[in-house]
$ cat entry.txt   # compact mmCIF, C-alpha atoms
# COMPACT_ATOMS: atom_id res chain seq x y z
CA MET A 194 -12.58 18.44 1.87
CA SER A 195 -9.13 20.03 1.63
CA ASP A 196 -6.56 19.35 -1.05
CA ALA A 197 -4.20 17.62 1.35
CA PRO A 198 -3.94 13.87 0.74
CA VAL A 199 -5.56 11.30 2.99
CA ALA A 200 -3.24 8.89 4.76
CA PHE A 201 -3.93 5.38 6.01
CA VAL A 202 -1.44 4.04 8.55
CA THR A 203 -1.91 0.40 9.49
CA GLY A 204 -0.92 -0.81 12.94
CA ALA A 205 -1.12 2.70 14.35
CA SER A 206 -2.43 2.11 17.86
CA ARG A 207 1.04 2.65 19.26
CA GLY A 208 4.71 2.77 18.52
CA ILE A 209 5.95 3.63 15.07
CA GLY A 210 2.43 3.71 13.59
CA ARG A 211 1.29 6.23 16.16
CA ALA A 212 4.36 8.42 15.65
CA VAL A 213 3.84 8.30 11.88
CA SER A 214 0.15 9.19 12.22
CA GLU A 215 1.01 12.19 14.39
CA GLY A 216 3.78 13.28 12.03
CA LEU A 217 1.54 13.07 8.97
CA ALA A 218 -1.21 15.01 10.74
CA ARG A 219 1.28 17.75 11.63
CA ALA A 220 2.17 17.88 7.94
CA GLY A 221 -1.49 18.63 7.21
CA LEU A 222 -2.82 15.23 6.13
CA ALA A 223 -6.03 13.65 7.34
CA VAL A 224 -5.16 10.30 8.88
CA ALA A 225 -7.03 7.03 9.21
CA VAL A 226 -5.44 5.26 12.19
CA GLY A 227 -5.53 1.53 11.51
CA PHE A 228 -5.84 -1.04 14.30
CA ARG A 229 -6.72 -4.69 14.69
CA SER A 230 -6.65 -5.62 18.36
CA ASP A 231 -6.13 -2.33 20.20
CA PRO A 232 -9.05 0.03 19.55
CA GLU A 233 -8.30 2.10 22.66
CA GLY A 234 -4.76 2.81 21.48
CA ALA A 235 -5.98 3.76 18.03
CA GLU A 236 -8.68 5.99 19.51
CA GLU A 237 -6.04 7.67 21.68
CA THR A 238 -3.83 8.27 18.64
CA ALA A 239 -6.75 9.79 16.74
CA GLN A 240 -7.83 11.94 19.69
CA LYS A 241 -4.33 13.30 20.16
CA ILE A 242 -4.34 14.40 16.52
CA VAL A 243 -7.81 15.92 16.70
CA SER A 244 -7.00 17.89 19.84
CA GLY A 245 -4.02 19.32 17.94
CA ASP A 246 -6.45 20.63 15.30
CA GLY A 247 -5.78 17.78 12.92
CA ARG A 248 -8.17 15.32 11.26
CA ALA A 249 -8.06 11.65 12.16
CA PHE A 250 -10.22 8.69 13.06
CA ALA A 251 -9.59 5.11 14.10
CA GLN A 252 -10.33 2.43 11.52
CA SER A 253 -10.30 -1.27 12.28
CA VAL A 254 -8.61 -3.49 9.73
CA ASP A 255 -7.17 -6.98 9.57
CA VAL A 256 -4.62 -6.42 6.84
CA ALA A 257 -4.31 -10.14 6.13
CA ASP A 258 -8.00 -10.40 5.24
CA GLU A 259 -9.10 -9.17 1.81
CA ALA A 260 -12.69 -8.46 2.87
CA SER A 261 -11.56 -6.54 5.94
CA VAL A 262 -9.19 -4.46 3.83
CA ALA A 263 -11.99 -3.68 1.34
CA GLU A 264 -14.31 -2.66 4.16
CA ALA A 265 -11.68 -0.45 5.78
CA PHE A 266 -10.85 1.37 2.56
CA GLY A 267 -14.54 1.84 1.82
CA ALA A 268 -15.06 3.42 5.22
CA ILE A 269 -12.04 5.71 4.83
CA GLU A 270 -13.18 6.82 1.37
CA ARG A 271 -16.60 7.73 2.75
CA GLU A 272 -15.17 9.47 5.81
CA LEU A 273 -12.10 11.28 4.47
CA GLY A 274 -11.71 10.55 0.76
CA PRO A 275 -9.48 8.29 -1.35
CA VAL A 276 -6.20 7.24 0.25
CA GLY A 277 -3.22 9.05 -1.26
CA VAL A 278 -0.62 7.95 1.29
CA LEU A 279 -0.49 4.35 2.47
CA VAL A 280 1.90 3.33 5.25
CA ASN A 281 2.04 -0.45 5.57
CA ASN A 282 3.21 -0.61 9.14
CA ALA A 283 1.12 -3.38 10.74
CA GLY A 284 3.55 -6.00 11.94
CA TYR A 285 3.65 -9.24 13.85
CA THR A 286 6.57 -11.15 15.26
CA LYS A 287 7.16 -14.22 17.37
CA ASP A 288 10.72 -15.39 17.79
CA GLY A 289 11.59 -19.07 17.59
CA LEU A 290 14.13 -21.33 15.96
CA ALA A 291 13.12 -22.61 12.53
CA VAL A 292 13.62 -26.27 13.41
CA ARG A 293 10.77 -26.04 15.95
CA TYR A 294 8.74 -23.16 14.51
CA GLN A 295 4.98 -23.70 14.30
CA VAL A 296 3.58 -23.53 10.80
CA GLU A 297 0.59 -21.45 11.96
CA THR A 298 2.94 -18.84 13.42
CA TRP A 299 4.91 -18.77 10.16
CA ASP A 300 1.66 -18.18 8.25
CA THR A 301 0.49 -15.43 10.58
CA THR A 302 3.84 -13.66 10.31
CA ILE A 303 3.97 -13.79 6.52
CA ASP A 304 0.27 -12.92 6.19
CA THR A 305 0.37 -9.90 8.48
CA ASN A 306 3.72 -8.49 7.44
CA LEU A 307 3.86 -9.27 3.73
CA LYS A 308 0.46 -10.27 2.41
CA GLY A 309 -1.08 -7.41 4.36
CA ALA A 310 1.10 -4.88 2.56
CA PHE A 311 0.13 -6.44 -0.77
CA LEU A 312 -3.62 -6.44 -0.02
CA CYS A 313 -3.63 -2.84 1.20
CA SER A 314 -1.46 -1.58 -1.68
CA ARG A 315 -3.62 -3.40 -4.21
CA ARG A 316 -6.73 -1.77 -2.82
CA ALA A 317 -5.14 1.69 -2.63
CA LEU A 318 -3.69 1.74 -6.15
CA PRO A 319 -6.75 2.35 -8.38
CA SER A 320 -7.46 5.79 -6.92
CA MET A 321 -3.74 6.64 -6.84
CA LEU A 322 -3.47 5.64 -10.51
CA LYS A 323 -6.51 7.71 -11.32
CA SER A 324 -5.17 10.84 -9.65
CA ARG A 325 -1.64 10.22 -10.95
CA TRP A 326 -0.27 10.70 -7.42
CA GLY A 327 0.43 8.39 -4.53
CA ARG A 328 2.80 7.32 -1.80
CA VAL A 329 3.27 3.79 -0.50
CA VAL A 330 5.72 3.41 2.36
CA ASN A 331 6.38 -0.08 3.63
CA VAL A 332 7.84 -0.60 7.07
CA ALA A 333 10.27 -3.50 6.98
CA SER A 334 13.17 -3.96 9.42
CA ALA A 335 16.92 -4.23 9.66
CA ALA A 336 16.03 -7.93 9.79
CA ALA A 337 15.20 -7.68 6.08
CA LEU A 338 18.86 -6.99 5.40
CA ARG A 339 20.64 -9.00 8.09
CA GLY A 340 19.67 -12.35 9.57
CA ASN A 341 18.82 -12.91 13.21
CA ALA A 342 18.62 -16.29 14.86
CA GLY A 343 15.02 -16.92 15.87
CA GLN A 344 13.61 -14.67 13.19
CA THR A 345 13.43 -16.74 10.01
CA ALA A 346 9.71 -15.97 9.57
CA TYR A 347 10.06 -12.31 10.50
CA SER A 348 13.15 -11.80 8.32
CA ALA A 349 11.51 -13.61 5.42
CA SER A 350 8.41 -11.44 5.63
CA LYS A 351 10.43 -8.23 5.89
CA ALA A 352 12.87 -9.16 3.13
CA GLY A 353 9.80 -10.02 1.09
CA LEU A 354 8.60 -6.45 1.60
CA VAL A 355 11.83 -5.20 0.01
CA GLY A 356 11.27 -7.26 -3.14
CA PHE A 357 7.61 -6.26 -3.24
CA THR A 358 8.54 -2.60 -2.91
CA LYS A 359 11.05 -2.65 -5.75
CA SER A 360 8.76 -4.45 -8.17
CA LEU A 361 5.74 -2.31 -7.36
CA ALA A 362 7.84 0.84 -7.71
CA ARG A 363 8.68 -0.23 -11.26
CA GLU A 364 5.04 -0.93 -12.04
CA VAL A 365 3.55 2.40 -11.02
CA GLY A 366 6.42 4.88 -11.07
CA SER A 367 5.21 6.42 -14.33
CA ARG A 368 1.96 7.51 -12.64
CA GLY A 369 3.48 9.81 -10.03
CA ILE A 370 3.33 7.10 -7.38
CA THR A 371 6.40 6.28 -5.30
CA VAL A 372 6.85 3.05 -3.38
CA ASN A 373 9.63 2.85 -0.81
CA VAL A 374 10.60 0.70 2.14
CA VAL A 375 12.23 1.70 5.42
CA CYS A 376 14.23 -0.67 7.60
CA PRO A 377 14.13 0.38 11.24
CA GLY A 378 16.73 -0.99 13.62
CA PHE A 379 15.88 -1.72 17.22
CA VAL A 380 13.07 0.56 18.41
CA GLU A 381 11.33 0.36 21.79
CA THR A 382 7.69 -0.40 20.96
CA ARG A 383 5.10 -3.02 21.86
CA LEU A 384 6.55 -5.26 19.14
CA THR A 385 9.90 -5.39 20.96
CA GLU A 386 8.47 -5.36 24.53
CA THR A 387 9.13 -9.03 25.11
CA THR A 388 12.69 -9.02 23.75
CA PRO A 389 15.01 -10.32 26.49
CA GLU A 390 17.31 -7.70 28.00
CA GLU A 391 20.55 -9.44 26.86
CA ILE A 392 19.38 -9.44 23.26
CA LYS A 393 18.48 -5.78 23.44
CA GLU A 394 21.91 -5.03 24.89
CA ARG A 395 23.52 -6.95 22.05
CA TYR A 396 21.66 -4.82 19.51
CA VAL A 397 22.80 -1.65 21.23
CA GLU A 398 26.41 -2.91 21.15
CA MET A 399 26.15 -3.65 17.43
CA THR A 400 24.64 -0.24 16.70
CA PRO A 401 27.22 2.49 16.03
CA ALA A 402 24.86 5.05 17.56
CA GLY A 403 25.12 3.06 20.80
CA ARG A 404 21.40 3.25 21.60
CA VAL A 405 17.97 2.11 20.45
CA GLY A 406 15.93 4.28 18.12
CA SER A 407 12.73 6.13 19.00
CA PRO A 408 9.44 5.83 17.10
CA GLU A 409 9.74 9.53 16.25
CA GLU A 410 13.11 8.99 14.54
CA ILE A 411 11.58 6.30 12.34
CA ALA A 412 8.45 8.37 11.69
CA ALA A 413 10.45 11.38 10.53
CA VAL A 414 11.77 9.49 7.52
CA ILE A 415 8.38 7.99 6.67
CA VAL A 416 6.72 11.42 6.83
CA PHE A 417 9.40 12.76 4.48
CA LEU A 418 8.82 9.90 2.01
CA ALA A 419 5.09 10.57 2.12
CA GLY A 420 5.56 14.19 1.17
CA ALA A 421 5.93 16.18 -2.01
CA SER A 422 9.66 16.73 -1.62
CA ALA A 423 10.38 13.00 -1.84
CA SER A 424 8.91 12.83 -5.35
CA TYR A 425 12.12 11.41 -6.90
CA VAL A 426 12.67 8.72 -4.27
CA ASN A 427 11.26 5.49 -5.66
CA GLY A 428 11.98 1.83 -5.03
CA ALA A 429 14.40 2.86 -2.29
CA VAL A 430 15.44 0.72 0.68
CA ILE A 431 16.25 3.04 3.57
CA PRO A 432 17.73 1.74 6.81
CA ILE A 433 16.90 3.81 9.90
CA ASP A 434 19.04 1.93 12.35
CA GLY A 435 21.77 4.11 13.83
CA GLY A 436 24.24 2.35 11.54
CA LEU A 437 23.34 -1.22 12.61
CA THR A 438 23.47 -2.57 9.06
CA ALA A 439 26.20 -0.24 7.77
CA MET B 134 -28.30 -0.17 -23.30
CA GLU B 135 -28.12 -0.95 -27.03
CA LYS B 136 -24.85 -2.41 -28.30
CA PRO B 137 -23.94 0.41 -30.73
CA GLU B 138 -24.32 2.94 -27.93
CA LEU B 139 -22.27 0.79 -25.59
CA GLN B 140 -19.58 0.33 -28.22
CA ASP B 141 -19.37 4.07 -28.74
CA LYS B 142 -19.08 4.71 -25.02
CA VAL B 143 -16.41 2.05 -24.55
CA CYS B 144 -14.41 3.41 -27.48
CA SER B 145 -14.59 6.96 -26.14
CA ILE B 146 -13.32 5.83 -22.75
CA LEU B 147 -10.53 3.81 -24.35
CA ALA B 148 -9.50 6.75 -26.54
CA GLU B 149 -9.30 8.97 -23.46
CA GLN B 150 -7.50 6.44 -21.27
CA LEU B 151 -4.98 5.48 -23.93
CA ALA B 152 -4.56 9.07 -25.10
CA VAL B 153 -5.17 8.27 -28.77
CA ASP B 154 -7.44 9.78 -31.44
CA ARG B 155 -11.00 8.48 -31.24
CA ASP B 156 -10.93 7.41 -34.90
CA LYS B 157 -8.01 5.10 -34.14
CA VAL B 158 -10.16 3.12 -31.72
CA THR B 159 -11.83 0.73 -34.17
CA PRO B 160 -13.12 -2.75 -33.27
CA GLU B 161 -10.17 -4.31 -35.11
CA ALA B 162 -7.56 -2.15 -33.37
CA ARG B 163 -5.15 -4.18 -31.29
CA PHE B 164 -4.25 -2.63 -27.92
CA SER B 165 -0.56 -3.39 -28.00
CA GLU B 166 0.37 -3.13 -31.68
CA ASP B 167 -2.05 -0.42 -32.88
CA LEU B 168 -2.80 1.67 -29.79
CA ASP B 169 0.59 1.47 -28.08
CA ALA B 170 -0.95 0.39 -24.78
CA ASP B 171 1.23 -1.28 -22.18
CA SER B 172 -0.08 -3.46 -19.36
CA LEU B 173 -0.55 -0.55 -16.97
CA ASP B 174 -2.48 1.41 -19.63
CA LEU B 175 -4.79 -1.58 -20.00
CA VAL B 176 -5.30 -1.87 -16.24
CA GLU B 177 -6.23 1.78 -16.04
CA ALA B 178 -8.59 1.42 -19.01
CA VAL B 179 -10.28 -1.57 -17.34
CA LEU B 180 -10.65 0.37 -14.08
CA ALA B 181 -12.30 3.22 -15.98
CA LEU B 182 -14.66 0.82 -17.80
CA GLU B 183 -15.55 -0.96 -14.55
CA GLU B 184 -16.38 2.37 -12.94
CA GLU B 185 -18.37 3.72 -15.89
CA PHE B 186 -20.51 0.62 -16.39
CA SER B 187 -20.58 -0.53 -12.74
CA VAL B 188 -19.29 -3.97 -13.63
CA SER B 189 -16.47 -6.15 -12.44
CA ILE B 190 -14.01 -7.54 -14.95
CA PRO B 191 -11.85 -10.31 -13.47
CA GLU B 192 -8.18 -10.31 -14.37
CA ASP B 193 -8.26 -13.74 -16.00
CA GLU B 194 -11.03 -12.67 -18.37
CA MET B 195 -8.89 -9.74 -19.46
CA GLU B 196 -6.09 -11.98 -20.66
CA SER B 197 -7.83 -12.98 -23.87
CA VAL B 198 -8.78 -9.41 -24.75
CA LYS B 199 -6.36 -8.25 -27.43
CA THR B 200 -8.55 -5.96 -29.55
CA VAL B 201 -10.99 -3.15 -28.94
CA GLY B 202 -13.80 -5.30 -30.32
CA GLN B 203 -13.08 -8.03 -27.76
CA ALA B 204 -13.13 -5.42 -24.99
CA VAL B 205 -16.50 -4.13 -26.18
CA ASP B 206 -17.88 -7.70 -26.25
CA LEU B 207 -16.60 -8.37 -22.75
CA VAL B 208 -18.16 -5.21 -21.32
CA ALA B 209 -21.39 -5.96 -23.18
CA SER B 210 -21.54 -9.45 -21.69
CA LYS B 211 -21.13 -8.00 -18.18
CA VAL B 212 -23.73 -5.30 -18.73
CA GLY B 213 -26.14 -7.61 -20.57
CA ALA B 214 -26.52 -5.31 -23.56
CA SER B 215 -28.90 -6.19 -26.40
CA ALA B 216 -27.24 -6.75 -29.80
$ encode --input "entry.txt" --output "C-alpha cells"
Amino acid sequence: MSDAPVAFVTGASRGIGRAVSEGLARAGLAVAVGFRSDPEGAEETAQKIVSGDGRAFAQSVDVADEASVAEAFGAIERELGPVGVLVNNAGYTKDGLAVRYQVETWDTTIDTNLKGAFLCSRRALPSMLKSRWGRVVNVASAAALRGNAGQTAYSASKAGLVGFTKSLAREVGSRGITVNVVCPGFVETRLTETTPEEIKERYVEMTPAGRVGSPEEIAAVIVFLAGASASYVNGAVIPIDGGLTA
Amino acid sequence: MEKPELQDKVCSILAEQLAVDRDKVTPEARFSEDLDADSLDLVEAVLALEEEFSVSIPEDEMESVKTVGQAVDLVASKVGASA
C-alpha cells in the first residue's frame, strides 16, 4: 500500500462526484467510488480511473443509514486502507413549495444531504484523529447561501452543511484535519436534469459568468482542498458559482 | 486479565494518549484538572482503549468518568476482569 491517502467520494456515479473521483485519482489517491442506486455509473467511474493507471473501486453506501455507512467504511478499509479524504457529495433534491411539501420528501432530503455527511464524517474521524491527518470536504450549494423558491428542504439541508462544517472544523482542527464546504452554483448533472429550461436560463442570467458550471470546475476546488497545499484552509465556505452569490 | 494488570495497561495508554508522565496517571488523577485533558483528548483516549481491549464504550457511559480510576473500572467492567 502506498503512502498516498485513500479517498471516499459519496454519490460518485456521475456528475460532480465522478469528476472529483477522477481528479483525486490523477493526484495519486486511491478512490472508493460511492453509489446508492447507480452501480453501473460507479463501476464506469472506477474503470475509467483504473484504465488511467489509478486505483479505484465502486462501493455501495446509503449515507443516511448508519449500518450501511459502517459496512462501506469496513469494506474500504479492507480493500484500500483507512479513509484520509472524505468528500460528502451524495445529494438529493426534489423541488416543491413548502406549503404543500411532503414530510417524507423533507426527511429524505435532510437525511441524505445533511445526516449523511454527519454519519460518514463520524465514521471517518477515528482513523483521521489517529493519524493526525485528514480532509473532509462537504458539497453544499449556492442554495445554502441564497434562498430559492421551491427549495426549502434542499436549502435547509445545504445550509445545515455549512454549520456542520464550521463546528466540526473547530473540533478537529488541532489534529491536522481540515473540514471545508464548497457551494457550487448551477452545474449540469443528473441532479439538475429535471430543472425546467426557464429556471436554468434565469440562473444563467443571474450568474456573472453568464453560463452554467461544469463538474470539472467544481472538482478542481475540491481536489485542491483535499491536498497537502490546502493545509491552512479550515472551516471555509467556498462558493464555486461563477459569481452567482457575489 | 487480572485487574492490576489491566489497570497498568490502561494507565500506560492514558499516559501516552494524554502525553503526560506515567507517574502522573494515578487512580485519583482527574482528567481535566490534573492531566490537562480536553474533550478531544478524552475521545482519542477512549478510542485507543476501545481498540486495545476490543470493547465498546458508549458515549453516555463516558460522561460520568472524571478520574483515571473510574476509567479503569469502566474498562474492567467491559472486559470482565477479575478483581
$ interface_residues --input "entry.txt" --of "chain A" --to "chain B" --cutoff "12 Å" --atoms "all atoms listed in the file" --output "PyMOL selection string"
chain A and resi 318-325+361+363-368
$ residues_around --input "entry.txt" --residues "Gly208 of chain A" --least-positions-apart "3" --cutoff "9 Å" --atoms "only C-alpha atoms" --output "PDB file with C-alpha atoms, in the coordinates of the input"
ATOM      1  CA  GLY A 204      -0.920  -0.810  12.940  1.00  0.00           C
ATOM      2  CA  ALA A 205      -1.120   2.700  14.350  1.00  0.00           C
ATOM      3  CA  ARG A 211       1.290   6.230  16.160  1.00  0.00           C
ATOM      4  CA  ALA A 212       4.360   8.420  15.650  1.00  0.00           C
ATOM      5  CA  VAL A 213       3.840   8.300  11.880  1.00  0.00           C
ATOM      6  CA  VAL A 380      13.070   0.560  18.410  1.00  0.00           C
ATOM      7  CA  GLU A 381      11.330   0.360  21.790  1.00  0.00           C
ATOM      8  CA  THR A 382       7.690  -0.400  20.960  1.00  0.00           C
ATOM      9  CA  ARG A 383       5.100  -3.020  21.860  1.00  0.00           C
ATOM     10  CA  LEU A 384       6.550  -5.260  19.140  1.00  0.00           C
ATOM     11  CA  SER A 407      12.730   6.130  19.000  1.00  0.00           C
ATOM     12  CA  PRO A 408       9.440   5.830  17.100  1.00  0.00           C
ATOM     13  CA  GLU A 409       9.740   9.530  16.250  1.00  0.00           C
TER      14      GLU A 409
END
$ residues_around --input "entry.txt" --residues "segment 188-194 of chain B" --least-positions-apart "5" --cutoff "8 Å" --atoms "all atoms listed in the file" --output "list in words"
Val179, Leu182, Glu183, Val208, Lys211 and Val212 of chain B
$ residues_around --input "entry.txt" --residues "Lys142 of chain B" --least-positions-apart "3" --cutoff "12 Å" --atoms "all atoms listed in the file" --output "list of chain:residue names"
B:Met134, B:Glu135, B:Lys136, B:Pro137, B:Glu138, B:Leu139, B:Ser145, B:Ile146, B:Leu147, B:Ala148, B:Glu149, B:Arg155, B:Val158, B:Ala181, B:Leu182, B:Glu185, B:Phe186, B:Val201, B:Ala204, B:Val205, B:Val208, B:Ala209
$ residues_around --input "entry.txt" --residues "Trp299 of chain A" --least-positions-apart "5" --cutoff "9 Å" --atoms "all atoms listed in the file" --output "number ranges by chain"
A: 287, 294, 304, 345-347
$ atom_distance --input "entry.txt" --atom1 "atom CA of Ile242 of chain A" --atom2 "atom CA of Glu215 of chain A"
6.2 Å
$ atom_distance --input "entry.txt" --atom1 "atom CA of Ala200 of chain A" --atom2 "atom CA of Asp231 of chain A"
19.3 Å
$ closest_residue --input "entry.txt" --among "B:Val143, B:Asp167, B:Val153, B:Ala162" --to "Asp206 of chain B" --atoms "all atoms listed in the file"
B:Val143
$ atom_distance --input "entry.txt" --atom1 "atom CA of Gly267 of chain A" --atom2 "atom CA of Ser253 of chain A"
11.7 Å
$ residues_near_point --input "entry.txt" --point "(-11.7, 7.0, 3.8)" --cutoff "9 Å" --atoms "all atoms listed in the file" --output "ChimeraX atom specification"
/A:199-201,224-225,265-276
$ residues_around --input "entry.txt" --residues "Thr438 of chain A" --least-positions-apart "6" --cutoff "10 Å" --atoms "only C-alpha atoms" --output "PyMOL selection string"
chain A and resi 335-336+338-339+376+378+399-401+432
$ closest_residue --input "entry.txt" --among "A:Gly340, A:Gly247, A:Glu391, A:Leu307" --to "Ala197 of chain A" --atoms "only C-alpha atoms"
A:Gly247
$ closest_residue --input "entry.txt" --among "A:Leu437, A:Val372, A:Ala263, A:Val254" --to "Ala283 of chain A" --atoms "only C-alpha atoms"
A:Val254
$ axis_aligned_box --input "entry.txt" --around "segment 140-145 of chain B" --padding-each-side "8 Å" --output "JSON"
{"center_x": -17.0, "center_y": 3.6, "center_z": -26.6, "size_x": 21.2, "size_y": 22.6, "size_z": 20.2}
